[in-house]
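Okay, structure first, notes after.
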2 protein chains.
Amino acid sequence: MSAVVAARRGIPDASVARLPGYLQALTNLAERGISSVSSEELASAAGVSSAKLRKDLSHLGSYGVRGVGYEVDRLAYEISTALGLTQDWPVAIVGMGNLGRALAAYSGFATRGFNVIALLDHDDALVGTPVGERSIRPMGDVEALVRTDGLAIGVIATPADSAQDVADRLVKAGVRSILNFAPCVLDVPDDVMVRKVDMSTELQILAFHEQRRTGELDLVTKTEVEEVAL
Amino acid sequence: MSAVVAARRGIPDASVARLPGYLQALTNLAERGISSVSSEELASAAGVSSAKLRKDLSHLGSYGVRGVGYEVDRLAYEISTALGLTQDWPVAIVGMGNLGRALAAYSGFATRGFNVIALLDHDDALVGTPVGERSIRPMGDVEALVRTDGLAIGVIATPADSAQDVADRLVKAGVRSILNFAPCVLDVPDDVMVRKVDMSTELQILAFHEQRRTGELDLVTKTEVEEVAL
DNA sequence: CCTTGTGAAGCGATTCACAGCC
DNA sequence: GGCTGTGAATCGCTTCACAAGG
């Protein structure tokens with residue numbers, strides 16, 4: 001019972017962010033016909049420590065068996081439920097440039113609880129252009145998508161300079177969650193959730209570590225000299 | 001002087017991850033002709049708190065002026081230096097499906113310190129196919145790219161089931177940093193750095209919050225009832 | 001005066017280590 | 001015997017609040 005309370009009361013953000021990884025690892029195990037897994041094994045498959053995994057799972061409830069481990073199917077179901085993936089979420093992708101088209105073609109959405117219900121573009125010249133099995137629709141359709149299809153999540157794949165306009169439009173229509181691929185900060189009301197994916201940022205973080213690695217010897221020496229000088 | 005020591009000794013990971021955002025905000029300001037900025041203004045442009053921004057910048061050194069703020073160009077230069085972006089990093093993209101092609105066409109890399117020197121694919125049938133101004137090269141070229149072009153960063157844009165093979169190949173050739181777009185965990189030696197970008201994960205995190213929002217009223221009630229029952 | 005730079009306090013996440021349980 | 005679930009200890013990041021300084 002207290003597990004249910006814990007389950008509903010704030011799962012820490014850091015845990016939530018790892019749940020999709022556990023789910024993916026469990027799906028892989030299930031496909032390989034494995035029906036039971038220990039925290040050690042699952043943690044290693046998901047690339048985290050077993051203590052972290054157990055702590056994360058403890059926020060969902062108590063679904064393991066001491067001395068044995070976790071039942072793969074059961075745990076996958078519980079994580080899916082916690083993440084709200086028992087339903088399929090309708091998603092619209094806005095911006096049909098290279099990235100938008102790549103996202104539209106990505107098959108991973110469907111298998112992970114999402115349904116791309118519309119491809120939109122701000123540019124009326126593109127409206128009607130076929131992309132895969134769908135065709136591009138105008139931004140004006142977004143209100144109807146929210147109202148009749150329950151659209152709640154929008155993916156912005158436009159250039160940075162139109163991303164804020166698109167976000168404003170989505171928010172005005174009632175979209176509550178946005179995944180932003182444009183390299184810019186979006187200004188939205190507090191009750192709208194935005195997550196950002198930026199490949200340049202990721203590369204720059206890699207560059208930082210790469211640079212530190214190659215410069216390491218020089219810098220250690222230099223630092224030590226300066227420390228002595230203090 | 002102590003600032004220089006601080007600058008070279010570990011900048012916290014959380015700070016490093018935000019530096020690209022500051023750099024981008026500074027670039028925007030510079031383009032708009034703004035030459036000086038306060039921590040409050042820059043923080044708001046980058047979507048963080050001013051205290052956090054100042055603390056982050058303090059790890060680089062002391063480049064502001066009390067009572068005034070920061071000089072935009074100077075600060076941008078210092079952050080670029082800290083991130084190791086004074087040089088252009090050669091990057092290879094592996095996997096020329098939809099996503100790989102979209103990444104190959106993305107102009108944001110060049111403007112942010114990266115140079116896509118090669119497009120590779122594991123599938124020999126694709127080798128030679130033109131993509132933009134380049135043409136697809138075989139995986140066998142990777143050793144030469146590392147040796148002669150100083151390739152250090154690889155981007156994996158393959159399906160999940162070939163990502164590990166590609167990673168092994170890159171690592172064997174001497175690539176030290178990998179940006180992984182495939183939805184899987186890569187197993188690499190400790191000295192190879194991997195960062196992962198996964199749109200499904202991001203959507204699932206949004207779904208979690210979206211679901212919590214819609215179920216909120218019911219659940220608060222339910223939780224309170226259960227709490228009383230304890 | 002105004003804004004930076006920073007010790008100190010506060011907070012959340014990770015890790016430890018073991019009691020609880022099958 | 002072995003593995004889970006979890007308090008307690010620890011670590012690191014964020015926030016506060018103010019002294020330092022142009």
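Going through the structure tokens in order, the chains are called A, B, and so on, while each chain numbers its residues from 1 and the ligands are numbered from 1 in the order shown.
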
Report task. Extract the full set of strand (DSSP E or B) residues from stretch 29-203 of chain A according to DSSP on the backbone, and format it as an MDAnalysis selection string. Result -> chainID A and resid 36:37 64:65 69:71 89:94 114:121 130:131 134:135 137:138 153:156 177:180 193:196

Picked from stretch 49-227 of chain A by DSSP as alpha helix (DSSP H), as a compact mmCIF listing (two decimals) with N, CA, C and O atoms, in the first residue's frame:
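Now in states_29.txt:
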# COMPACT_ATOMS: atom_id res chain seq x y z
N SER A 50 23.77 -1.18 -10.08
CA SER A 50 22.62 -1.94 -9.61
C SER A 50 21.92 -1.24 -8.44
O SER A 50 20.71 -1.32 -8.29
N ALA A 51 22.70 -0.53 -7.63
CA ALA A 51 22.09 0.19 -6.51
C ALA A 51 21.15 1.27 -7.03
O ALA A 51 20.03 1.45 -6.54
N LYS A 52 21.60 1.96 -8.06
CA LYS A 52 20.77 3.01 -8.65
C LYS A 52 19.50 2.42 -9.23
O LYS A 52 18.40 2.95 -9.04
N LEU A 53 19.67 1.31 -9.94
CA LEU A 53 18.50 0.66 -10.53
C LEU A 53 17.49 0.28 -9.45
O LEU A 53 16.29 0.57 -9.57
N ARG A 54 17.97 -0.35 -8.38
CA ARG A 54 17.03 -0.79 -7.35
C ARG A 54 16.34 0.40 -6.69
O ARG A 54 15.14 0.37 -6.44
N LYS A 55 17.11 1.45 -6.45
CA LYS A 55 16.51 2.65 -5.86
C LYS A 55 15.45 3.23 -6.80
O LYS A 55 14.35 3.61 -6.37
N ASP A 56 15.76 3.28 -8.08
CA ASP A 56 14.80 3.79 -9.05
C ASP A 56 13.52 2.96 -9.04
O ASP A 56 12.41 3.50 -8.99
N LEU A 57 13.69 1.66 -9.09
CA LEU A 57 12.52 0.78 -9.14
C LEU A 57 11.71 0.86 -7.85
O LEU A 57 10.49 0.69 -7.86
N SER A 58 12.41 1.12 -6.75
CA SER A 58 11.69 1.18 -5.47
C SER A 58 10.68 2.33 -5.47
O SER A 58 9.71 2.30 -4.72
N VAL A 72 10.65 -10.25 -16.09
CA VAL A 72 10.86 -9.28 -17.15
C VAL A 72 9.56 -8.63 -17.62
O VAL A 72 9.44 -7.41 -17.66
N ASP A 73 8.57 -9.46 -17.96
CA ASP A 73 7.31 -8.92 -18.50
C ASP A 73 6.61 -8.03 -17.49
O ASP A 73 6.11 -6.96 -17.82
N ARG A 74 6.57 -8.49 -16.27
CA ARG A 74 5.89 -7.75 -15.22
C ARG A 74 6.52 -6.38 -15.02
O ARG A 74 5.84 -5.36 -14.98
N LEU A 75 7.84 -6.38 -14.92
CA LEU A 75 8.54 -5.12 -14.67
C LEU A 75 8.36 -4.17 -15.85
O LEU A 75 8.15 -2.96 -15.66
N ALA A 76 8.42 -4.71 -17.07
CA ALA A 76 8.22 -3.87 -18.25
C ALA A 76 6.83 -3.24 -18.20
O ALA A 76 6.66 -2.05 -18.50
N TYR A 77 5.86 -4.02 -17.79
CA TYR A 77 4.50 -3.50 -17.70
C TYR A 77 4.40 -2.39 -16.66
O TYR A 77 3.79 -1.34 -16.89
N GLU A 78 5.02 -2.61 -15.52
CA GLU A 78 4.94 -1.61 -14.44
C GLU A 78 5.63 -0.30 -14.85
O GLU A 78 5.14 0.78 -14.55
N ILE A 79 6.76 -0.42 -15.52
CA ILE A 79 7.45 0.80 -15.97
C ILE A 79 6.61 1.51 -17.02
O ILE A 79 6.46 2.73 -17.00
N SER A 80 6.06 0.74 -17.96
CA SER A 80 5.20 1.34 -18.98
C SER A 80 4.06 2.11 -18.33
O SER A 80 3.73 3.23 -18.73
N THR A 81 3.46 1.50 -17.34
CA THR A 81 2.35 2.15 -16.65
C THR A 81 2.81 3.44 -15.98
O THR A 81 2.16 4.48 -16.09
N ALA A 82 3.95 3.35 -15.28
CA ALA A 82 4.46 4.53 -14.58
C ALA A 82 4.72 5.66 -15.56
O ALA A 82 4.47 6.83 -15.27
N LEU A 83 5.23 5.32 -16.74
CA LEU A 83 5.55 6.35 -17.74
C LEU A 83 4.31 6.83 -18.49
O LEU A 83 4.39 7.79 -19.25
N ASN A 98 15.02 18.54 -43.52
CA ASN A 98 15.70 17.25 -43.45
C ASN A 98 15.41 16.50 -42.17
O ASN A 98 15.08 15.32 -42.18
N LEU A 99 15.54 17.22 -41.06
CA LEU A 99 15.37 16.56 -39.77
C LEU A 99 13.92 16.11 -39.59
O LEU A 99 13.67 14.97 -39.17
N GLY A 100 12.98 16.98 -39.89
CA GLY A 100 11.57 16.63 -39.75
C GLY A 100 11.22 15.39 -40.56
O GLY A 100 10.50 14.51 -40.08
N ARG A 101 11.76 15.31 -41.76
CA ARG A 101 11.48 14.15 -42.60
C ARG A 101 12.10 12.89 -42.02
O ARG A 101 11.50 11.81 -42.05
N ALA A 102 13.30 13.03 -41.49
CA ALA A 102 13.95 11.88 -40.86
C ALA A 102 13.13 11.41 -39.66
O ALA A 102 12.93 10.20 -39.48
N LEU A 103 12.65 12.35 -38.87
CA LEU A 103 11.84 11.98 -37.71
C LEU A 103 10.53 11.33 -38.16
O LEU A 103 10.08 10.35 -37.56
N ALA A 104 9.96 11.87 -39.23
CA ALA A 104 8.70 11.32 -39.74
C ALA A 104 8.86 9.87 -40.18
O ALA A 104 7.94 9.06 -40.07
N ALA A 105 10.05 9.56 -40.68
CA ALA A 105 10.30 8.21 -41.19
C ALA A 105 10.74 7.24 -40.10
O ALA A 105 10.80 6.04 -40.31
N GLY A 108 10.81 4.03 -34.75
CA GLY A 108 10.91 3.79 -33.31
C GLY A 108 9.77 4.40 -32.50
O GLY A 108 9.46 3.93 -31.41
N PHE A 109 9.13 5.43 -33.01
CA PHE A 109 8.05 6.06 -32.27
C PHE A 109 6.90 5.09 -32.01
O PHE A 109 6.45 4.92 -30.88
N ALA A 110 6.47 4.47 -33.11
CA ALA A 110 5.29 3.60 -33.03
C ALA A 110 5.49 2.47 -32.01
O ALA A 110 4.58 2.15 -31.25
N THR A 111 6.69 1.91 -31.98
CA THR A 111 6.93 0.78 -31.09
C THR A 111 7.12 1.21 -29.64
O THR A 111 7.23 0.38 -28.76
N VAL A 142 -3.62 22.69 -36.36
CA VAL A 142 -3.21 22.24 -35.04
C VAL A 142 -4.33 22.33 -33.99
O VAL A 142 -4.48 21.42 -33.16
N GLU A 143 -5.13 23.36 -34.06
CA GLU A 143 -6.25 23.47 -33.10
C GLU A 143 -7.18 22.26 -33.22
O GLU A 143 -7.58 21.68 -32.22
N ALA A 144 -7.49 21.91 -34.46
CA ALA A 144 -8.38 20.76 -34.67
C ALA A 144 -7.74 19.47 -34.17
O ALA A 144 -8.43 18.61 -33.59
N LEU A 145 -6.44 19.33 -34.37
CA LEU A 145 -5.75 18.12 -33.91
C LEU A 145 -5.82 18.00 -32.39
O LEU A 145 -6.00 16.91 -31.85
N VAL A 146 -5.67 19.14 -31.71
CA VAL A 146 -5.77 19.12 -30.26
C VAL A 146 -7.18 18.73 -29.84
O VAL A 146 -7.38 17.88 -28.97
N ARG A 147 -8.15 19.35 -30.48
CA ARG A 147 -9.54 19.15 -30.08
C ARG A 147 -10.04 17.75 -30.40
O ARG A 147 -10.57 17.06 -29.53
N THR A 148 -9.82 17.30 -31.62
CA THR A 148 -10.45 16.04 -32.03
C THR A 148 -9.56 14.81 -31.85
O THR A 148 -10.07 13.71 -31.68
N ASP A 149 -8.23 15.00 -31.89
CA ASP A 149 -7.35 13.83 -31.76
C ASP A 149 -6.62 13.77 -30.42
O ASP A 149 -5.81 12.89 -30.20
N ALA A 160 16.09 27.44 -36.02
CA ALA A 160 15.97 28.18 -34.75
C ALA A 160 15.11 29.43 -34.89
O ALA A 160 14.33 29.76 -33.97
N ASP A 161 15.16 30.10 -36.01
CA ASP A 161 14.49 31.39 -36.07
C ASP A 161 12.97 31.30 -36.18
O ASP A 161 12.28 32.28 -35.97
N SER A 162 12.45 30.13 -36.53
CA SER A 162 10.98 30.04 -36.49
C SER A 162 10.47 29.19 -35.33
O SER A 162 9.26 29.05 -35.14
N ALA A 163 11.37 28.66 -34.54
CA ALA A 163 10.96 27.75 -33.47
C ALA A 163 10.05 28.44 -32.44
O ALA A 163 9.05 27.85 -31.99
N GLN A 164 10.36 29.68 -32.07
CA GLN A 164 9.53 30.35 -31.07
C GLN A 164 8.12 30.60 -31.61
O GLN A 164 7.13 30.41 -30.89
N ASP A 165 8.00 31.01 -32.87
CA ASP A 165 6.69 31.21 -33.48
C ASP A 165 5.87 29.92 -33.44
O ASP A 165 4.70 29.92 -33.08
N VAL A 166 6.53 28.84 -33.83
CA VAL A 166 5.85 27.55 -33.84
C VAL A 166 5.41 27.17 -32.43
O VAL A 166 4.28 26.72 -32.20
N ALA A 167 6.31 27.39 -31.46
CA ALA A 167 5.98 27.05 -30.08
C ALA A 167 4.77 27.86 -29.61
O ALA A 167 3.85 27.32 -28.99
N ASP A 168 4.76 29.15 -29.91
CA ASP A 168 3.64 30.00 -29.52
C ASP A 168 2.33 29.45 -30.10
O ASP A 168 1.31 29.37 -29.43
N ARG A 169 2.42 29.07 -31.36
CA ARG A 169 1.25 28.55 -32.06
C ARG A 169 0.76 27.25 -31.41
O ARG A 169 -0.44 27.05 -31.19
N LEU A 170 1.68 26.36 -31.10
CA LEU A 170 1.33 25.09 -30.47
C LEU A 170 0.70 25.34 -29.10
O LEU A 170 -0.34 24.75 -28.76
N VAL A 171 1.32 26.22 -28.33
CA VAL A 171 0.83 26.50 -26.98
C VAL A 171 -0.56 27.10 -27.04
O VAL A 171 -1.46 26.71 -26.30
N LYS A 172 -0.75 28.04 -27.95
CA LYS A 172 -2.05 28.69 -28.08
C LYS A 172 -3.14 27.67 -28.42
O LYS A 172 -4.27 27.78 -27.97
N ALA A 173 -2.75 26.66 -29.18
CA ALA A 173 -3.72 25.65 -29.59
C ALA A 173 -3.99 24.64 -28.47
O ALA A 173 -4.93 23.85 -28.56
N MET A 199 22.13 18.46 -30.98
CA MET A 199 23.34 17.68 -31.32
C MET A 199 24.59 18.52 -31.21
O MET A 199 25.65 18.00 -30.84
N SER A 200 24.51 19.80 -31.51
CA SER A 200 25.70 20.64 -31.40
C SER A 200 26.15 20.72 -29.95
O SER A 200 27.35 20.64 -29.64
N THR A 201 25.20 20.88 -29.06
CA THR A 201 25.53 20.90 -27.63
C THR A 201 26.25 19.62 -27.23
O THR A 201 27.29 19.66 -26.55
N GLU A 202 25.72 18.51 -27.66
CA GLU A 202 26.33 17.23 -27.30
C GLU A 202 27.74 17.12 -27.85
O GLU A 202 28.66 16.67 -27.15
N LEU A 203 27.93 17.54 -29.07
CA LEU A 203 29.27 17.49 -29.66
C LEU A 203 30.22 18.41 -28.91
O LEU A 203 31.39 18.08 -28.70
N GLN A 204 29.72 19.56 -28.49
CA GLN A 204 30.59 20.50 -27.77
C GLN A 204 31.01 19.93 -26.42
O GLN A 204 32.14 20.16 -25.96
N ILE A 205 30.12 19.18 -25.79
CA ILE A 205 30.48 18.54 -24.53
C ILE A 205 31.57 17.48 -24.78
O ILE A 205 32.54 17.38 -24.03
N LEU A 206 31.41 16.73 -25.86
CA LEU A 206 32.45 15.76 -26.22
C LEU A 206 33.77 16.47 -26.52
O LEU A 206 34.83 16.02 -26.09
N ALA A 207 33.68 17.59 -27.22
CA ALA A 207 34.90 18.34 -27.57
C ALA A 207 35.62 18.79 -26.31
O ALA A 207 36.85 18.72 -26.23
N PHE A 208 34.87 19.22 -25.32
CA PHE A 208 35.47 19.65 -24.05
C PHE A 208 36.33 18.54 -23.46
O PHE A 208 37.49 18.76 -23.11
N HIS A 209 35.77 17.35 -23.40
CA HIS A 209 36.51 16.25 -22.79
C HIS A 209 37.67 15.81 -23.68
O HIS A 209 38.74 15.46 -23.19
N GLU A 210 37.45 15.86 -24.98
CA GLU A 210 38.48 15.47 -25.93
C GLU A 210 39.68 16.41 -25.81
O GLU A 210 40.83 15.97 -25.74
N GLN A 211 39.39 17.69 -25.73
CA GLN A 211 40.43 18.69 -25.60
C GLN A 211 41.19 18.53 -24.29
O GLN A 211 42.41 18.66 -24.24
N ARG A 212 40.45 18.22 -23.23
CA ARG A 212 41.09 18.06 -21.94
C ARG A 212 42.05 16.87 -21.96
O ARG A 212 43.09 16.87 -21.35
N ARG A 213 41.61 15.84 -22.70
CA ARG A 213 42.42 14.64 -22.79
C ARG A 213 43.76 14.94 -23.48
O ARG A 213 44.81 14.63 -22.95
N THR A 214 43.68 15.57 -24.65
CA THR A 214 44.91 15.80 -25.40
C THR A 214 45.82 16.80 -24.72
O THR A 214 47.03 16.70 -24.80
N GLU A 216 46.14 17.23 -21.55
CA GLU A 216 46.26 16.89 -20.14
C GLU A 216 47.65 17.08 -19.55
O GLU A 216 47.82 17.78 -18.56
N LEU A 217 48.64 16.52 -20.21
CA LEU A 217 49.99 16.58 -19.66
C LEU A 217 50.47 18.02 -19.49
O LEU A 217 50.92 18.42 -18.42
N ASP A 218 50.35 18.80 -20.55
CA ASP A 218 50.74 20.21 -20.49
C ASP A 218 50.08 20.90 -19.32
O ASP A 218 50.71 21.61 -18.55
N LEU A 219 48.77 20.69 -19.23
CA LEU A 219 48.00 21.48 -18.28
C LEU A 219 48.32 21.10 -16.84
O LEU A 219 48.40 21.96 -15.98
N VAL A 220 48.48 19.81 -16.60
CA VAL A 220 48.82 19.41 -15.24
C VAL A 220 50.10 20.10 -14.82
O VAL A 220 50.19 20.70 -13.76
N THR A 221 51.07 20.07 -15.70
CA THR A 221 52.33 20.72 -15.40
C THR A 221 52.12 22.20 -15.12
O THR A 221 52.51 22.72 -14.08
N LYS A 222 51.42 22.84 -16.03
CA LYS A 222 51.17 24.27 -15.90
C LYS A 222 50.44 24.57 -14.59
O LYS A 222 50.82 25.48 -13.85
N THR A 223 49.42 23.78 -14.30
CA THR A 223 48.65 24.01 -13.09
C THR A 223 49.52 23.89 -11.85
O THR A 223 49.46 24.71 -10.95
N GLU A 224 50.35 22.87 -11.85
CA GLU A 224 51.19 22.66 -10.67
C GLU A 224 52.15 23.81 -10.46
O GLU A 224 52.36 24.28 -9.35
N VAL A 225 52.71 24.29 -11.55
CA VAL A 225 53.60 25.44 -11.47
C VAL A 225 52.87 26.62 -10.84
O VAL A 225 53.36 27.27 -9.92
N GLU A 226 51.65 26.85 -11.32
CA GLU A 226 50.90 27.99 -10.82
C GLU A 226 50.50 27.80 -9.36
O GLU A 226 50.43 28.76 -8.60
N GLU A 227 50.24 26.57 -9.01
CA GLU A 227 49.87 26.32 -7.62
C GLU A 227 51.02 26.65 -6.69
O GLU A 227 50.83 27.27 -5.65

Query raised in the report: Which residues come within 8 Å of stretch 152-155 of chain B, counting only C-alpha atoms (C1' of nucleotides), excluding same-chain residues fewer than 6 positions away, as a list in words?
Result: Leu206 and Glu210 of chain A; Trp89, Pro90, Val91, Ala92, Ile93, Val94, Val146, Leu170, Gly174, Val175, Arg176, Ser177, Ile178, Leu179, Asn180 and Phe181 of chain B

Okay, now the selection with all heavy atoms, as a short mmCIF file (atom, residue, chain, number, x, y, z; two decimals), in the first residue's frame?
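The new file result-v6.cif reads:
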data_model
loop_
_atom_site.label_atom_id
_atom_site.label_comp_id
_atom_site.auth_asym_id
_atom_site.auth_seq_id
_atom_site.Cartn_x
_atom_site.Cartn_y
_atom_site.Cartn_z
N LEU A 206 31.41 16.73 -25.86
CA LEU A 206 32.45 15.76 -26.22
C LEU A 206 33.77 16.47 -26.52
O LEU A 206 34.83 16.02 -26.09
CB LEU A 206 32.02 14.94 -27.44
CG LEU A 206 30.91 13.90 -27.23
CD1 LEU A 206 30.53 13.26 -28.56
CD2 LEU A 206 31.35 12.84 -26.23
N GLU A 210 37.45 15.86 -24.98
CA GLU A 210 38.48 15.47 -25.93
C GLU A 210 39.68 16.41 -25.81
O GLU A 210 40.83 15.97 -25.74
CB GLU A 210 37.89 15.54 -27.34
CG GLU A 210 38.69 14.82 -28.40
CD GLU A 210 38.81 13.34 -28.09
OE1 GLU A 210 37.80 12.72 -27.66
OE2 GLU A 210 39.91 12.81 -28.26
N TRP B 89 36.86 20.62 -34.89
CA TRP B 89 36.99 19.19 -34.67
C TRP B 89 36.48 18.41 -35.87
O TRP B 89 35.34 18.61 -36.31
CB TRP B 89 36.19 18.78 -33.44
CG TRP B 89 36.81 19.29 -32.18
CD1 TRP B 89 36.51 20.46 -31.55
CD2 TRP B 89 37.82 18.67 -31.40
NE1 TRP B 89 37.28 20.62 -30.42
CE2 TRP B 89 38.10 19.52 -30.31
CE3 TRP B 89 38.54 17.48 -31.53
CZ2 TRP B 89 39.06 19.22 -29.34
CZ3 TRP B 89 39.49 17.18 -30.56
CH2 TRP B 89 39.74 18.04 -29.49
N PRO B 90 37.30 17.51 -36.38
CA PRO B 90 36.83 16.65 -37.46
C PRO B 90 35.87 15.58 -36.93
O PRO B 90 36.12 14.99 -35.87
CB PRO B 90 38.10 16.01 -38.01
CG PRO B 90 39.16 16.23 -37.00
CD PRO B 90 38.70 17.25 -36.02
N VAL B 91 34.77 15.38 -37.64
CA VAL B 91 33.72 14.45 -37.21
C VAL B 91 33.36 13.55 -38.38
O VAL B 91 33.34 14.00 -39.52
CB VAL B 91 32.47 15.25 -36.76
CG1 VAL B 91 31.28 14.34 -36.58
CG2 VAL B 91 32.76 16.04 -35.50
N ALA B 92 33.09 12.28 -38.08
CA ALA B 92 32.57 11.39 -39.12
C ALA B 92 31.19 10.90 -38.71
O ALA B 92 30.97 10.59 -37.53
CB ALA B 92 33.50 10.19 -39.32
N ILE B 93 30.27 10.87 -39.65
CA ILE B 93 28.94 10.36 -39.38
C ILE B 93 28.83 8.96 -39.98
O ILE B 93 29.14 8.76 -41.16
CB ILE B 93 27.86 11.27 -39.99
CG1 ILE B 93 27.99 12.69 -39.43
CG2 ILE B 93 26.46 10.71 -39.71
CD1 ILE B 93 27.05 13.70 -40.08
N VAL B 94 28.42 8.01 -39.15
CA VAL B 94 28.29 6.64 -39.62
C VAL B 94 26.82 6.25 -39.67
O VAL B 94 26.11 6.41 -38.68
CB VAL B 94 29.04 5.66 -38.69
CG1 VAL B 94 29.03 4.26 -39.28
CG2 VAL B 94 30.46 6.12 -38.42
N VAL B 146 41.39 8.61 -38.97
CA VAL B 146 41.97 8.89 -37.66
C VAL B 146 43.43 9.29 -37.82
O VAL B 146 43.88 10.28 -37.24
CB VAL B 146 41.85 7.64 -36.73
CG1 VAL B 146 42.67 7.85 -35.46
CG2 VAL B 146 40.39 7.36 -36.40
N LEU B 170 34.89 1.83 -34.66
CA LEU B 170 35.40 3.18 -34.41
C LEU B 170 36.47 3.15 -33.32
O LEU B 170 37.54 3.76 -33.46
CB LEU B 170 34.27 4.12 -34.00
CG LEU B 170 33.23 4.48 -35.08
CD1 LEU B 170 32.10 5.31 -34.48
CD2 LEU B 170 33.88 5.23 -36.25
N GLY B 174 40.62 4.02 -33.18
CA GLY B 174 41.22 5.09 -32.39
C GLY B 174 40.31 6.27 -32.10
O GLY B 174 40.76 7.28 -31.57
N VAL B 175 39.03 6.16 -32.45
CA VAL B 175 38.09 7.23 -32.13
C VAL B 175 37.85 7.22 -30.62
O VAL B 175 37.64 6.17 -30.03
CB VAL B 175 36.76 7.05 -32.90
CG1 VAL B 175 35.69 7.99 -32.38
CG2 VAL B 175 37.00 7.25 -34.38
N ARG B 176 37.87 8.41 -30.00
CA ARG B 176 37.81 8.50 -28.54
C ARG B 176 36.48 8.99 -28.00
O ARG B 176 36.22 8.89 -26.80
CB ARG B 176 38.90 9.45 -28.03
CG ARG B 176 40.28 9.14 -28.53
CD ARG B 176 40.75 7.79 -28.04
NE ARG B 176 42.17 7.80 -27.81
CZ ARG B 176 42.72 7.97 -26.61
NH1 ARG B 176 41.97 8.10 -25.55
NH2 ARG B 176 44.03 7.99 -26.49
N SER B 177 35.67 9.60 -28.86
CA SER B 177 34.39 10.15 -28.42
C SER B 177 33.30 9.77 -29.41
O SER B 177 33.52 9.83 -30.62
CB SER B 177 34.45 11.68 -28.33
OG SER B 177 35.36 12.09 -27.33
N ILE B 178 32.15 9.37 -28.88
CA ILE B 178 31.07 8.92 -29.74
C ILE B 178 29.77 9.59 -29.33
O ILE B 178 29.43 9.66 -28.15
CB ILE B 178 30.91 7.38 -29.65
CG1 ILE B 178 32.14 6.69 -30.25
CG2 ILE B 178 29.63 6.92 -30.32
CD1 ILE B 178 32.13 5.17 -30.10
N LEU B 179 29.06 10.10 -30.33
CA LEU B 179 27.71 10.60 -30.11
C LEU B 179 26.76 9.56 -30.70
O LEU B 179 26.77 9.33 -31.91
CB LEU B 179 27.52 11.96 -30.78
CG LEU B 179 26.16 12.62 -30.62
CD1 LEU B 179 25.77 12.74 -29.16
CD2 LEU B 179 26.15 14.00 -31.29
N ASN B 180 25.98 8.93 -29.85
CA ASN B 180 25.17 7.78 -30.27
C ASN B 180 23.69 8.14 -30.40
O ASN B 180 23.03 8.45 -29.41
CB ASN B 180 25.33 6.65 -29.25
CG ASN B 180 24.53 5.43 -29.62
OD1 ASN B 180 24.28 5.18 -30.80
ND2 ASN B 180 24.13 4.65 -28.63
N PHE B 181 23.18 8.06 -31.63
CA PHE B 181 21.76 8.31 -31.87
C PHE B 181 20.95 7.02 -31.87
O PHE B 181 19.73 7.06 -31.96
CB PHE B 181 21.57 9.03 -33.21
CG PHE B 181 21.88 10.48 -33.16
CD1 PHE B 181 23.17 10.94 -33.39
CD2 PHE B 181 20.89 11.41 -32.88
CE1 PHE B 181 23.46 12.30 -33.34
CE2 PHE B 181 21.17 12.77 -32.83
CZ PHE B 181 22.46 13.21 -33.06
#

Requested in this report: Specify as a PyMOL selection string all residues of chain B found within 9 Å of chain C, counting only C-alpha atoms (C1' of nucleotides).
Outcome: chain B and resi 38-39+54-55+58+62+64-69

Wanna dump the chain D-chain B contacts at 10 Å for me, each residue with its shortest atom pair and the distance in Å to one decimal, counting only C-alpha atoms (C1' of nucleotides), ordered by chain and number, as a tab-separated table?
residue	atom	partner	partner_atom	distance
D:DG12	C1'	B:Pro12	CA	8.8
D:DC13	C1'	B:Ala14	CA	7.7
D:DT14	C1'	B:Lys52	CA	7.1
D:DT15	C1'	B:Ala51	CA	7.3
D:DC16	C1'	B:Ala51	CA	9.0
D:DA20	C1'	B:Arg66	CA	8.8
D:DG21	C1'	B:Arg66	CA	6.4
D:DG22	C1'	B:Arg66	CA	5.6

Query raised in the report: Within 12 Å of A:Gly128, counting only C-alpha atoms (C1' of nucleotides), which residues qualify if same-chain residues fewer than 6 places away don't, as a PyMOL selection string?
Result: chain A and resi 96+118-121+134-138

For the selection just defined, write its residues with C-alpha atoms to a file, as a PDB file, in the first residue's frame.
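Below you can see selection.pdb, which holds the result:
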ATOM      1  CA  MET A  96       9.482  19.301 -42.674  1.00  0.00           C
ATOM      2  CA  ALA A 118       0.350  14.803 -38.370  1.00  0.00           C
ATOM      3  CA  LEU A 119       3.250  16.424 -40.171  1.00  0.00           C
ATOM      4  CA  LEU A 120       2.964  20.201 -40.185  1.00  0.00           C
ATOM      5  CA  ASP A 121       4.853  23.032 -41.759  1.00  0.00           C
ATOM      6  CA  ARG A 134       1.350  11.165 -45.070  1.00  0.00           C
ATOM      7  CA  SER A 135       1.230  14.597 -46.570  1.00  0.00           C
ATOM      8  CA  ILE A 136       2.233  17.900 -45.049  1.00  0.00           C
ATOM      9  CA  ARG A 137      -0.535  19.878 -43.395  1.00  0.00           C
ATOM     10  CA  PRO A 138      -0.753  23.581 -42.527  1.00  0.00           C
TER      11      PRO A 138
END

Report task. Rank A:Leu151, A:Val116, A:Ala45, A:Ala30 by their smallest atom-to-atom distance to chain B, using only C-alpha atoms, and report the top residue only. Result ->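 Checking each candidate against chain B, we get A:Ala45 as the closest.
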
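Between atom CA of A:Val197 and atom C1' of D:DC11 the interatomic distance comes to 27.9 Å.
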
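The spacing separating atom CA of A:Ala182 from atom CA of A:Arg195 amounts to 10.8 Å.
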
**Report entry** Distance in Å - atom CA of A:Leu186 versus atom CA of B:Thr158
**Finding:**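 Atom CA of B:Thr158 lies 29.6 Å from atom CA of A:Leu186.
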